[in-house]
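Asker: Handing you a structure now.
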Amino acid sequence: MVDTMKMVVKSALFQTLLMVSIEKVFGVINGKMVVILMYHGVIEDRADLSCWWQLPYKNFVWQMCYLKEENYNVIHLKDLIRIMNSGESLPDRCVVLTFDDGYENNFTLAYPLLRALKLPATIFLTTDLIGTDTLLWSDEVFLYSSLNGLAEDPNSFKNMPSTKKNEILSHLRARFKADAALLDTHKYFKLLNWQQVDEMKASGWIDFGAHSCTHEILSQLDEPTLCYEIKNSCSRIGQLSKPVFFAFPNGRTEDYDARAIELLRESGVACALTAQRGLNSYNQDPFDMKRIAIGNKTSQAEFKLLCSGAIE
Ligand SMILES: [Zn+2]
């Protein structure tokens with residue numbers, strides 16, 4: 001009830017801001033601030049699947065067409081970093097598109113539209129899981145909790161040592177192995193394979209970054225595991241694309257630490273993206289890049305205001 005009230009108030013506020021064309025005013029004021037949008041999955045036929053990170057395809061189509069029609073400068077992340085490092089001036093109203101995790105639906109749904117509209121994007125891959133049937137552990141937690149299979153609070157998994165988390169998950173895998181509802185939903189969370197990655201890369205519209213090897217939360221890891229997650233994922237991505245970019249798994253400030261940033265620098269990584277909400281200035285710390293998460297509840301009014309920098 002409180003959430004519904006909040007949404008009604010928020011929506012009324014957004015409509016009022018748009019009525020006075022505030023997004024146009026902020027488009028000018030924030031002309032030199034860069035908006036990096038953070039997507040995950042895009043799904044076509046399961047609007048009822050209530051996880052925020054799987055965006056209904058029709059919303060995605062509307063958002064990409066809006067960026068095109070409003071003449072936003074949608075640029076590759078690699079171009080943004082090159083411009084920031086070179087001291088050249090940034091084009092006005094820059095937007096960078098990013099996708100985390102490496103879902104197969106990035107290839108089947110998002111990529112054909114991006115290519116048709118000539119919009120560049122960067123996909124951050126969970127490298128050890130690409131080309132396998134293994135899902136992200138966080139998606140497994142979501143699926144088991146939606147089947148009432150969890151004794152624990154789903155959020156508690158984020159702060160759990162990986163050995164304990166993997167032990168619980170292996171019990172749940174065995175328990176739900178033949179569950180029809182699980183198997184039906186499984187496909188929406190499937191990850192890309194390397195042929196799909198290569199095909200997108202060859203198009204020139206899609207670039208790739210590293211998102212660790214297995215999506216473990218970096219601040220929870222001991223030194224050798226942390227080293228493995230960073231160095232191996234960056235070296236795999238380095239075979240595809242240089243310079244290497246990284247997106248922190250889960251991306252909150254508490255999900256990574258100085259050890260991780262040091263290892264990224266040692267690995268020659270050019271920038272690291274967080275999931276902290278905000279705009280980026282011309283002088284942004286390249287290891288503290290902010291993003292704006294777009295989810296299944298992002299309305300058209302909110303999207304317009306977010307892209308202009310009128311709200312964060
Ligand atoms: Zn992720």
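Residues in the structure tokens are numbered from 1 in each chain, the chains being A, B, ... in the order shown, and ligands are numbered from 1 in the order shown.
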I need the residues of range 53-281 of chain A that end up classed as strand (DSSP E) by DSSP on the backbone, written out as an MDAnalysis selection string.

Answerer: chainID A and resid 54:56 73:74 94:101 121:125 206:210 245:247 271:277

Asker: Restricting it to C-alpha atoms, dump the selection as a PDB file, in the first residue's frame.

Answerer:
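Wrote part-v1.pdb, looks like this:
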ATOM      1  CA  GLN A  54      14.514  -8.389 -16.949  1.00  0.00           C
ATOM      2  CA  LEU A  55      13.065  -5.471 -18.904  1.00  0.00           C
ATOM      3  CA  PRO A  56       9.988  -6.068 -21.107  1.00  0.00           C
ATOM      4  CA  ASN A  73      24.674  11.197 -28.461  1.00  0.00           C
ATOM      5  CA  VAL A  74      24.794   7.495 -27.720  1.00  0.00           C
ATOM      6  CA  CYS A  94      26.151  11.856 -24.059  1.00  0.00           C
ATOM      7  CA  VAL A  95      24.537   8.564 -23.160  1.00  0.00           C
ATOM      8  CA  VAL A  96      26.397   5.251 -22.831  1.00  0.00           C
ATOM      9  CA  LEU A  97      24.481   1.955 -22.906  1.00  0.00           C
ATOM     10  CA  THR A  98      25.697  -0.979 -20.803  1.00  0.00           C
ATOM     11  CA  PHE A  99      24.329  -4.443 -20.061  1.00  0.00           C
ATOM     12  CA  ASP A 100      25.565  -6.518 -17.118  1.00  0.00           C
ATOM     13  CA  ASP A 101      25.935 -10.294 -16.746  1.00  0.00           C
ATOM     14  CA  ALA A 121      26.485  -0.748 -26.285  1.00  0.00           C
ATOM     15  CA  THR A 122      28.877  -2.626 -24.012  1.00  0.00           C
ATOM     16  CA  ILE A 123      27.983  -5.986 -22.468  1.00  0.00           C
ATOM     17  CA  PHE A 124      29.817  -7.068 -19.307  1.00  0.00           C
ATOM     18  CA  LEU A 125      30.332 -10.831 -19.328  1.00  0.00           C
ATOM     19  CA  ILE A 206      28.603  -4.228 -29.404  1.00  0.00           C
ATOM     20  CA  ASP A 207      31.702  -4.184 -27.254  1.00  0.00           C
ATOM     21  CA  PHE A 208      32.482  -6.361 -24.238  1.00  0.00           C
ATOM     22  CA  GLY A 209      33.818  -5.865 -20.740  1.00  0.00           C
ATOM     23  CA  ALA A 210      34.573  -8.161 -17.783  1.00  0.00           C
ATOM     24  CA  PHE A 245      36.672  -2.432 -18.904  1.00  0.00           C
ATOM     25  CA  PHE A 246      35.212  -3.978 -15.770  1.00  0.00           C
ATOM     26  CA  ALA A 247      31.839  -3.786 -14.008  1.00  0.00           C
ATOM     27  CA  CYS A 271      37.839   1.814 -16.055  1.00  0.00           C
ATOM     28  CA  ALA A 272      35.466   0.139 -13.637  1.00  0.00           C
ATOM     29  CA  LEU A 273      31.735   0.736 -13.491  1.00  0.00           C
ATOM     30  CA  THR A 274      29.745   0.593 -10.287  1.00  0.00           C
ATOM     31  CA  ALA A 275      25.990   0.258  -9.769  1.00  0.00           C
ATOM     32  CA  GLN A 276      25.920   3.458  -7.733  1.00  0.00           C
ATOM     33  CA  ARG A 277      23.346   5.839  -9.075  1.00  0.00           C
TER      34      ARG A 277
END

Asker: Which residues in range 61-290 of chain A does DSSP call helix (DSSP H, G or I)? List them as an MDAnalysis selection string.

Answerer: chainID A and resid 61:69 77:86 105:117 127:129 137:146 154:159 162:175 180:189 194:203 218:220 223:238 253:255 258:266

Asker: Using only C-alpha atoms and all ligand atoms, which residue out of A:Lys158, A:Arg46, A:His40, A:Arg252 lies closest to ligand 1?

Answerer: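 Looking only at the distances to ligand 1, the closest residue turns out to be A:His40.
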
Asker: At a cut-off of 8 Å, using only C-alpha atoms, what residues contact range 58-67 of chain A? Leave out same-chain residues fewer than 2 positions from it and give the result as number ranges by chain.

Answerer: A: 42, 44, 55-56, 69-72, 74, 110, 113-114, 117, 296, 300, 303

Asker: Out of A:Leu80, A:Ala178, A:Ala293, A:Leu221, which residue has the shortest atom-to-atom distance to ligand 1 when counting only C-alpha atoms and all ligand atoms?

Answerer: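 Of all the options, A:Ala293 lies closest to ligand 1.
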
Asker: Closest to Phe248 in chain A among A:Thr126, A:Asn166, A:Ser156, A:Thr225, using only C-alpha atoms?

Answerer: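 Of the candidates, the smallest distance to Phe248 in chain A is held by A:Thr126.
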